[in-house]
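One file, input.cif, carrying mmCIF, C-alpha atoms and all ligand atoms:
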```cif
data_work
loop_
_atom_site.label_atom_id
_atom_site.label_comp_id
_atom_site.auth_asym_id
_atom_site.auth_seq_id
_atom_site.Cartn_x
_atom_site.Cartn_y
_atom_site.Cartn_z
CA MET A 1 16.56 1.01 11.91
CA GLU A 2 17.85 4.30 13.40
CA LYS A 3 20.35 4.83 10.58
CA ILE A 4 17.68 4.29 7.94
CA LEU A 5 15.34 6.80 9.61
CA LYS A 6 18.12 9.40 9.87
CA ARG A 7 18.37 9.55 6.07
CA ALA A 8 14.75 10.66 5.80
CA ILE A 9 15.14 13.12 8.67
CA PHE A 10 18.19 14.70 7.03
CA GLU A 11 16.27 15.28 3.77
CA ILE A 12 13.19 16.63 5.55
CA GLU A 13 15.21 19.03 7.69
CA SER A 14 17.12 20.35 4.67
CA ALA A 15 13.98 21.21 2.67
CA GLN A 16 11.31 23.89 2.99
CA LYS A 17 8.87 23.13 0.15
CA ILE A 18 8.18 19.42 -0.04
CA GLY A 19 6.17 17.42 -2.59
CA LEU A 20 4.70 14.03 -1.71
CA MET A 21 3.56 11.20 -3.93
CA THR A 22 2.59 7.54 -3.71
CA HIS A 23 1.60 4.67 -6.03
CA VAL A 24 -1.38 4.21 -8.33
CA ASN A 25 -4.54 2.61 -6.90
CA GLY A 26 -3.53 3.94 -3.51
CA ASP A 27 -4.44 1.66 -0.58
CA GLY A 28 -4.70 2.34 3.14
CA ASP A 29 -0.94 2.38 3.63
CA ALA A 30 -0.34 4.62 0.61
CA PHE A 31 -2.90 7.22 1.76
CA GLY A 32 -2.15 6.80 5.47
CA SER A 33 1.57 7.45 5.01
CA LEU A 34 1.02 10.14 2.35
CA ILE A 35 -1.42 12.33 4.28
CA GLY A 36 0.02 11.37 7.67
CA LEU A 37 3.48 12.57 6.62
CA GLN A 38 2.03 15.68 4.97
CA LYS A 39 0.43 16.63 8.27
CA ILE A 40 3.65 15.95 10.17
CA LEU A 41 5.56 18.19 7.74
CA LYS A 42 2.96 20.94 8.15
CA GLU A 43 3.37 20.79 11.92
CA LEU A 44 7.10 21.23 11.33
CA GLY A 45 6.32 24.43 9.43
CA LYS A 46 7.04 23.04 5.96
CA GLU A 47 5.17 23.97 2.83
CA THR A 48 3.70 20.79 1.34
CA LEU A 49 2.10 19.64 -1.88
CA ILE A 50 0.58 16.26 -2.74
CA PHE A 51 0.98 15.09 -6.33
CA SER A 52 -1.89 12.85 -7.38
CA SER A 53 -4.77 12.46 -9.76
CA GLU A 54 -6.62 10.00 -7.54
CA PRO A 55 -9.55 10.65 -5.22
CA LEU A 56 -9.20 10.04 -1.51
CA LEU A 57 -9.51 6.38 -0.51
CA LYS A 58 -13.19 5.57 0.01
CA GLU A 59 -12.59 4.00 3.42
CA MET A 60 -10.83 7.17 4.59
CA GLU A 61 -13.69 9.49 3.75
CA TYR A 62 -14.92 9.48 7.33
CA LEU A 63 -11.81 11.57 8.11
CA LYS A 64 -12.32 13.87 5.11
CA ASN A 65 -12.96 17.09 7.04
CA GLU A 66 -9.69 16.81 8.91
CA LEU A 67 -7.57 15.94 5.88
CA ASP A 68 -7.89 18.82 3.37
CA TYR A 69 -6.78 16.49 0.59
CA ASN A 70 -6.25 18.77 -2.42
CA PRO A 71 -3.79 17.06 -4.73
CA SER A 72 -2.36 18.50 -7.91
CA SER A 73 -0.86 16.57 -10.80
CA ARG A 74 1.09 19.49 -12.25
CA SER A 75 4.81 19.63 -11.63
CA GLU A 76 5.97 22.54 -9.49
CA LYS A 77 9.27 23.77 -8.12
CA ILE A 78 10.01 22.06 -4.80
CA ASP A 79 13.10 21.40 -2.67
CA LEU A 80 12.37 17.73 -2.09
CA LEU A 81 10.11 15.06 -3.59
CA ILE A 82 9.14 12.25 -1.21
CA MET A 83 7.78 9.04 -2.72
CA LEU A 84 5.96 6.77 -0.30
CA ASP A 85 5.18 3.05 -0.45
CA VAL A 86 6.57 2.67 -3.96
CA GLY A 87 9.85 1.65 -5.60
CA VAL A 88 8.73 1.00 -9.16
CA GLU A 89 8.74 4.07 -11.41
CA LYS A 90 5.85 2.76 -13.52
CA ARG A 91 3.69 2.54 -10.39
CA LEU A 92 4.06 6.23 -9.48
CA VAL A 93 0.78 8.11 -9.61
CA CYS A 94 2.50 11.03 -11.43
CA PRO A 95 5.64 9.63 -13.06
CA GLU A 96 6.21 12.87 -14.98
CA VAL A 97 6.60 14.78 -11.71
CA TYR A 98 9.41 12.41 -10.72
CA LYS A 99 11.02 12.74 -14.15
CA SER A 100 11.03 16.51 -14.05
CA ALA A 101 12.34 16.48 -10.46
CA LYS A 102 15.24 14.32 -11.59
CA GLU A 103 15.94 16.51 -14.63
CA SER A 104 15.99 19.70 -12.58
CA GLY A 105 18.24 18.18 -9.93
CA THR A 106 15.57 18.31 -7.20
CA ARG A 107 16.37 16.03 -4.26
CA THR A 108 14.31 12.84 -4.10
CA LEU A 109 13.58 10.54 -1.17
CA ILE A 110 11.86 7.15 -1.08
CA ILE A 111 10.22 5.86 2.11
CA ASP A 112 9.18 2.28 1.45
CA HIS A 113 8.98 -1.35 2.56
CA HIS A 114 8.70 -3.10 -0.81
CA ALA A 115 10.94 -5.93 -1.97
CA GLU A 116 11.46 -4.99 -5.60
CA GLY A 117 11.89 -1.63 -7.30
CA ASP A 118 13.80 0.11 -10.07
CA MET A 119 14.04 3.54 -8.42
CA TYR A 120 16.00 2.62 -5.30
CA ASP A 121 19.37 3.33 -6.91
CA SER A 122 18.38 6.50 -8.69
CA VAL A 123 16.96 8.64 -5.85
CA THR A 124 19.02 10.98 -3.68
CA SER A 125 18.14 9.23 -0.42
CA ILE A 126 16.32 6.14 0.63
CA CYS A 127 14.60 5.13 3.85
CA ARG A 128 13.56 1.54 3.20
CA LYS A 129 13.14 -1.54 5.35
CA VAL A 130 11.48 -4.61 3.87
CA ASP A 131 10.63 -6.40 7.12
CA VAL A 132 8.65 -3.50 8.52
CA SER A 133 4.82 -3.81 8.48
CA SER A 134 4.08 -0.79 6.34
CA THR A 135 5.28 2.56 5.07
CA SER A 136 2.99 4.15 7.64
CA GLU A 137 4.98 2.41 10.38
CA LEU A 138 8.21 3.80 8.91
CA VAL A 139 6.72 7.30 8.89
CA PHE A 140 5.71 6.77 12.51
CA TRP A 141 9.26 5.79 13.53
CA ILE A 142 10.65 8.78 11.64
CA SER A 143 8.38 11.04 13.69
CA GLN A 144 9.49 9.35 16.92
CA GLU A 145 13.16 9.64 15.99
CA MET A 146 12.49 13.38 15.54
CA GLY A 147 10.95 13.46 19.01
CA LEU A 148 7.50 14.58 17.81
CA ARG A 149 4.17 14.17 19.57
CA LEU A 150 1.44 13.35 17.08
CA ASN A 151 -2.10 14.67 17.11
CA LYS A 152 -5.13 12.36 16.94
CA THR A 153 -5.66 12.65 13.19
CA ILE A 154 -2.05 11.90 12.29
CA ALA A 155 -2.05 8.96 14.71
CA GLU A 156 -5.20 7.54 13.14
CA LEU A 157 -3.89 7.97 9.58
CA LEU A 158 -0.70 6.08 10.42
CA LEU A 159 -2.56 3.36 12.30
CA PHE A 160 -4.94 3.07 9.32
CA GLY A 161 -1.94 2.24 7.12
CA ILE A 162 -0.50 -0.24 9.61
CA GLU A 163 -3.81 -2.04 10.19
CA THR A 164 -4.78 -2.30 6.53
CA ASP A 165 -1.34 -3.38 5.28
CA THR A 166 -1.18 -6.20 7.85
CA ASN A 167 -4.79 -7.38 7.61
CA PHE A 168 -5.34 -6.01 11.14
CA LEU A 169 -2.03 -7.29 12.48
CA LYS A 170 -2.88 -10.86 11.47
CA ASN A 171 0.01 -11.33 9.07
CA PRO A 172 2.83 -12.92 11.12
CA ASN A 173 5.42 -12.26 8.44
CA THR A 174 5.22 -8.50 8.43
CA VAL A 175 4.05 -7.82 11.98
CA ASN A 176 7.02 -7.38 14.32
CA LYS A 177 7.60 -6.28 17.88
CA THR A 178 8.01 -2.76 16.49
CA THR A 179 4.52 -2.92 14.94
CA TYR A 180 2.90 -3.56 18.33
CA MET A 181 5.02 -0.83 19.90
CA ALA A 182 3.98 1.61 17.17
CA LYS A 183 0.33 0.65 17.56
CA SER A 184 0.35 1.11 21.32
CA ILE A 185 1.90 4.57 21.05
CA LEU A 186 -0.53 5.56 18.26
CA LEU A 187 -3.43 4.45 20.46
CA LYS A 188 -2.04 6.57 23.26
CA TYR A 189 -1.99 9.53 20.86
CA GLY A 190 -5.71 8.99 20.24
CA ALA A 191 -5.98 6.78 17.14
CA ARG A 192 -9.29 4.90 17.13
CA VAL A 193 -8.91 1.33 15.97
CA LYS A 194 -12.67 0.80 16.14
CA LYS A 195 -13.29 3.61 13.63
CA ILE A 196 -10.73 2.14 11.25
CA LYS A 197 -12.26 -1.32 11.50
CA GLU A 198 -15.78 -0.03 11.01
CA SER A 199 -14.81 1.95 7.96
CA VAL A 200 -12.86 -0.88 6.34
CA LEU A 201 -15.47 -3.53 7.11
CA GLU A 202 -18.44 -1.34 6.22
CA GLY A 203 -18.83 -3.13 2.92
CA SER A 204 -19.08 -6.57 4.49
CA SER A 205 -22.46 -8.22 4.27
CA ILE A 206 -24.04 -11.62 3.59
CA ASN A 207 -23.71 -10.77 -0.09
CA ASN A 208 -19.94 -10.32 0.32
CA LEU A 209 -19.69 -13.65 2.14
CA LYS A 210 -21.57 -15.37 -0.68
CA PHE A 211 -19.21 -13.79 -3.18
CA LEU A 212 -16.25 -14.98 -1.12
CA GLY A 213 -17.78 -18.46 -0.91
CA THR A 214 -18.21 -18.62 -4.67
CA ILE A 215 -14.62 -17.63 -5.37
CA VAL A 216 -13.22 -19.91 -2.67
CA THR A 217 -15.29 -22.91 -3.84
CA ARG A 218 -13.71 -22.48 -7.24
CA ALA A 219 -10.14 -22.65 -5.94
CA LYS A 220 -8.01 -25.51 -7.20
CA MET A 221 -4.75 -26.75 -5.71
CA SER A 222 -1.87 -28.14 -7.73
CA PRO A 223 0.13 -31.11 -6.33
CA ASP A 224 3.01 -28.77 -5.44
CA GLY A 225 0.77 -26.52 -3.38
CA VAL A 226 -0.24 -23.64 -5.64
CA MET A 227 -3.82 -22.70 -4.87
CA ALA A 228 -5.47 -20.70 -7.63
CA THR A 229 -8.84 -19.16 -8.25
CA PHE A 230 -10.36 -16.39 -10.38
CA ILE A 231 -12.93 -13.59 -10.42
CA THR A 232 -14.67 -12.71 -13.69
CA SER A 233 -16.45 -9.45 -14.55
CA ASN A 234 -19.67 -11.42 -14.41
CA ASP A 235 -18.96 -12.37 -10.75
CA LEU A 236 -18.43 -8.69 -9.90
CA ARG A 237 -21.68 -7.74 -11.60
CA ARG A 238 -23.69 -10.58 -10.09
CA PHE A 239 -22.61 -9.81 -6.51
CA LYS A 240 -22.32 -6.02 -7.06
CA ILE A 241 -18.70 -6.02 -5.93
CA ASP A 242 -16.26 -3.24 -6.87
CA PRO A 243 -13.15 -4.34 -8.76
CA GLY A 244 -10.13 -4.80 -6.53
CA SER A 245 -11.20 -7.72 -4.37
CA SER A 246 -8.41 -10.05 -5.53
CA SER A 247 -6.08 -8.96 -2.74
CA SER A 248 -8.63 -9.46 0.04
CA ILE A 249 -9.53 -12.89 -1.35
CA SER A 250 -5.88 -13.89 -1.57
CA ASN A 251 -5.40 -12.69 2.02
CA PHE A 252 -8.31 -14.88 3.04
CA LEU A 253 -7.05 -18.00 1.24
CA ASP A 254 -3.57 -17.40 2.59
CA GLN A 255 -4.85 -17.98 6.12
CA THR A 256 -5.26 -21.67 5.34
CA LYS A 257 -2.32 -23.95 5.98
CA ASP A 258 -2.72 -25.94 2.76
CA ALA A 259 -1.42 -23.59 0.13
CA LYS A 260 2.25 -22.77 -0.42
CA ILE A 261 1.35 -20.08 -2.94
CA VAL A 262 -2.06 -18.46 -3.34
CA LEU A 263 -2.90 -16.95 -6.71
CA VAL A 264 -6.07 -14.99 -7.46
CA ALA A 265 -6.73 -13.67 -10.98
CA GLU A 266 -9.31 -10.95 -11.34
CA GLN A 267 -10.73 -9.32 -14.48
CA ARG A 268 -10.16 -5.63 -13.70
CA ALA A 269 -11.09 -4.16 -17.06
CA GLU A 270 -12.17 -5.50 -20.42
CA ASP A 271 -8.74 -6.70 -21.41
CA LYS A 272 -6.87 -6.42 -18.13
CA ILE A 273 -6.31 -9.13 -15.54
CA LYS A 274 -4.84 -8.45 -12.11
CA VAL A 275 -3.09 -11.35 -10.41
CA SER A 276 -2.60 -11.22 -6.63
CA MET A 277 -0.22 -13.67 -4.97
CA ARG A 278 0.53 -14.65 -1.37
CA SER A 279 3.08 -17.06 0.09
CA ASN A 280 2.89 -16.78 3.85
CA ASN A 281 3.06 -20.56 4.31
CA SER A 282 6.25 -21.10 2.34
CA ASN A 283 9.53 -19.50 1.39
CA ALA A 284 8.37 -18.71 -2.12
CA ASN A 285 9.30 -15.18 -3.22
CA VAL A 286 6.19 -13.95 -5.01
CA ALA A 287 7.72 -10.48 -5.50
CA GLU A 288 10.20 -12.11 -7.86
CA ILE A 289 7.42 -13.79 -9.82
CA ALA A 290 5.52 -10.50 -9.96
CA SER A 291 8.53 -8.53 -11.18
CA PHE A 292 9.03 -11.10 -13.94
CA PHE A 293 5.61 -10.01 -15.21
CA GLY A 294 6.31 -6.31 -14.69
CA GLY A 295 4.55 -6.06 -11.32
CA GLY A 296 5.86 -5.70 -7.80
CA GLY A 297 5.22 -6.08 -4.10
CA HIS A 298 6.68 -7.92 -1.16
CA VAL A 299 8.31 -11.32 -0.75
CA LYS A 300 5.08 -12.80 0.60
CA ALA A 301 2.47 -10.56 -1.04
CA ALA A 302 2.77 -9.27 -4.58
CA GLY A 303 0.86 -8.80 -7.81
CA PHE A 304 1.02 -7.99 -11.47
CA GLU A 305 -1.24 -7.20 -14.43
CA VAL A 306 -1.52 -8.97 -17.74
CA GLU A 307 -3.62 -8.39 -20.81
CA GLY A 308 -6.37 -10.83 -21.54
CA ASP A 309 -9.88 -12.04 -20.95
CA LEU A 310 -10.33 -14.72 -18.29
CA VAL A 311 -13.53 -16.09 -19.80
CA LYS A 312 -11.78 -16.71 -23.12
CA MET A 313 -8.52 -17.91 -21.56
CA LEU A 314 -10.24 -20.44 -19.28
CA GLY A 315 -12.85 -21.43 -21.84
CA LEU A 316 -15.72 -20.65 -19.48
MN MN A 401 2.47 -0.67 1.93
#
```
Please go through the file and, once you have read it, give me the structure as structure tokens.
Ligand SMILES: [Mn+2]
Amino acid sequence: MEKILKRAIFEIESAQKIGLMTHVNGDGDAFGSLIGLQKILKELGKETLIFSSEPLLKEMEYLKNELDYNPSSRSEKIDLLIMLDVGVEKRLVCPEVYKSAKESGTRTLIIDHHAEGDMYDSVTSICRKVDVSSTSELVFWISQEMGLRLNKTIAELLLFGIETDTNFLKNPNTVNKTTYMAKSILLKYGARVKKIKESVLEGSSINNLKFLGTIVTRAKMSPDGVMATFITSNDLRRFKIDPGSSSSISNFLDQTKDAKIVLVAEQRAEDKIKVSMRSNNSNANVAEIASFFGGGGHVKAAGFEVEGDLVKMLGL
């Protein structure tokens, strides 16, 4: 791990003005590592700039006053562009910023834990480990390798990423000894796991459980162990659920021992279906399946998007 971290440290130490970027539909790990690293860089006296067109993650709003999240989507001259939690160019929140960085010879660094990606060979440096819980954990170990003490806010941002990317440390395939070590040090620095849990679970209610029950009841299992279910736009309307629940439902189904592969298809927009896959109870590489369809992710958790209308496709 040390050697991998050193590559990021070298790039950070050689730059003064640093741009940061993550993937579209940023999740807890994307925002935790993005803003967590920005704050670390600021403490190191660096000038920083976040490239994004997305609002702050809803569940992170309770930290809003401490974050000063003011992204820009316009390219600007920087010494280094850091891309976090992403290896697929198409998934970058501002792909044109990456393109212009490459054209102008700006140094580029990826910090990531994903299985598949088309940018890994084209960046200047890469700090990537696929068996680590989250990008936030990698950022944490970079800070420790640099000998830094973290303030409360940075600690909580990084723990937010670790907790949400591992389903609160319940995923045995991505949670390692290092994850528990990172968590214990982050707690010592003042991260509040209770606050993170409250904020993430705030949306849970009887209504959410009924929604979950409806989707789970619908699940069908094939003889070779593929468990599949779906979420239509009508389901989202009926239960007043925001789009984006396919990953939490696949996490839930993946906790059962029965399924070798879990597959949840969700109607995200009129003609857009998001498919989330999990394979924690088998050796199936769902990242490979996802990349076949132009998506990405990890060996045991991945997803992709296809065009179509579930109601028409399934003849509902
Ligand atoms: Mn991640």
Distance in Å - atom CA of Lys257 of chain A versus atom CA of Thr217 of chain A: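 If I compute the distance from atom CA of Lys257 of chain A to atom CA of Thr217 of chain A, I get 16.3 Å.
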Residues near segment 206-212 of chain A, cut-off 8 Å, only C-alpha atoms, skip fewer than 3 positions along chain, as a compact mmCIF listing (two decimals) with C-alpha atoms, keeping the file's coordinate frame:
```
# COMPACT_ATOMS: atom_id res chain seq x y z
CA GLY A 203 -18.83 -3.13 2.92
CA ILE A 215 -14.62 -17.63 -5.37
CA VAL A 216 -13.22 -19.91 -2.67
CA ASP A 235 -18.96 -12.37 -10.75
CA PHE A 239 -22.61 -9.81 -6.51
CA ILE A 241 -18.70 -6.02 -5.93
CA ILE A 249 -9.53 -12.89 -1.35
```
Neighbourhood of ligand MN 401 (chain A) at 8 Å, counting all atoms listed in the file, reported as a ChimeraX atom specification: /A:27-30,85-86,112-114,133-136,161,165
Separation of atom CA of Ala115 of chain A from atom CA of Ala287 of chain A, in Å and rounded to one decimal: 6.6 Å
Separation of atom CA of Lys195 of chain A from atom CA of Asp131 of chain A, in Å and rounded to one decimal: 26.7 Å
Nearby residues, (-16.4, -14.4, -10.4) file frame, 8 Å, all atoms listed in the file, as a ChimeraX atom specification: /A:211,214-215,230-236,266
Nearest residue to Asn176 of chain A from the set A:Val130, A:Arg107, A:Glu76, A:Phe292 (distances using only C-alpha atoms):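 Comparing A:Val130, A:Arg107, A:Glu76, A:Phe292 against Asn176 of chain A, the winner is A:Val130.
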Neighbour list for segment 272-282 of chain A as a PyMOL selection string, cut-off 10 Å, all atoms listed in the file, skip fewer than 3 positions in-chain: chain A and resi 171-174+225-232+243-269+285-287+289-290+295+297-310
Selected residue, from A:Ile18, A:Arg192, A:Met119, A:Trp141, that lies nearest to Leu63 of chain A when counting all atoms listed in the file: A:Arg192
Nearest-residue call for Arg7 of chain A, choices A:Cys127, A:Ala155, A:Ala191, A:Met60, using only C-alpha atoms: A:Cys127
Given only C-alpha atoms as the counted atoms, nearest of A:Ile40, A:Ile196, A:Thr164, A:Leu187 to Gly147 of chain A: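 Closest to Gly147 of chain A of all the choices is A:Ile40.
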Protein, DNA and RNA residues within 10 Å of (22.1, 10.5, -6.5), only C-alpha atoms, as number ranges by chain: A: 102, 105, 107-108, 121-125
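Among the candidates A:Val311, A:Glu43, A:Leu37, A:Leu67, the residue lying nearest to Leu158 of chain A is A:Leu37 (atoms considered: all atoms listed in the file).
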Box for segment 157-161 of chain A: with edges along x, y and z, all listed atoms inside and 3 Å added on each side, what are the centre and edge lengths in Å to one decimal, as lines of an AutoDock Vina configuration file?
```
center_x = -2.8
center_y = 5.1
center_z = 9.7
size_x = 10.2
size_y = 11.7
size_z = 11.2
```
Residue among A:Asn151, A:Ser205, A:Thr106, A:Thr22 lying closest to Ser73 of chain A, counting all atoms listed in the file: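 Selected residue with least distance to Ser73 of chain A: A:Thr22.
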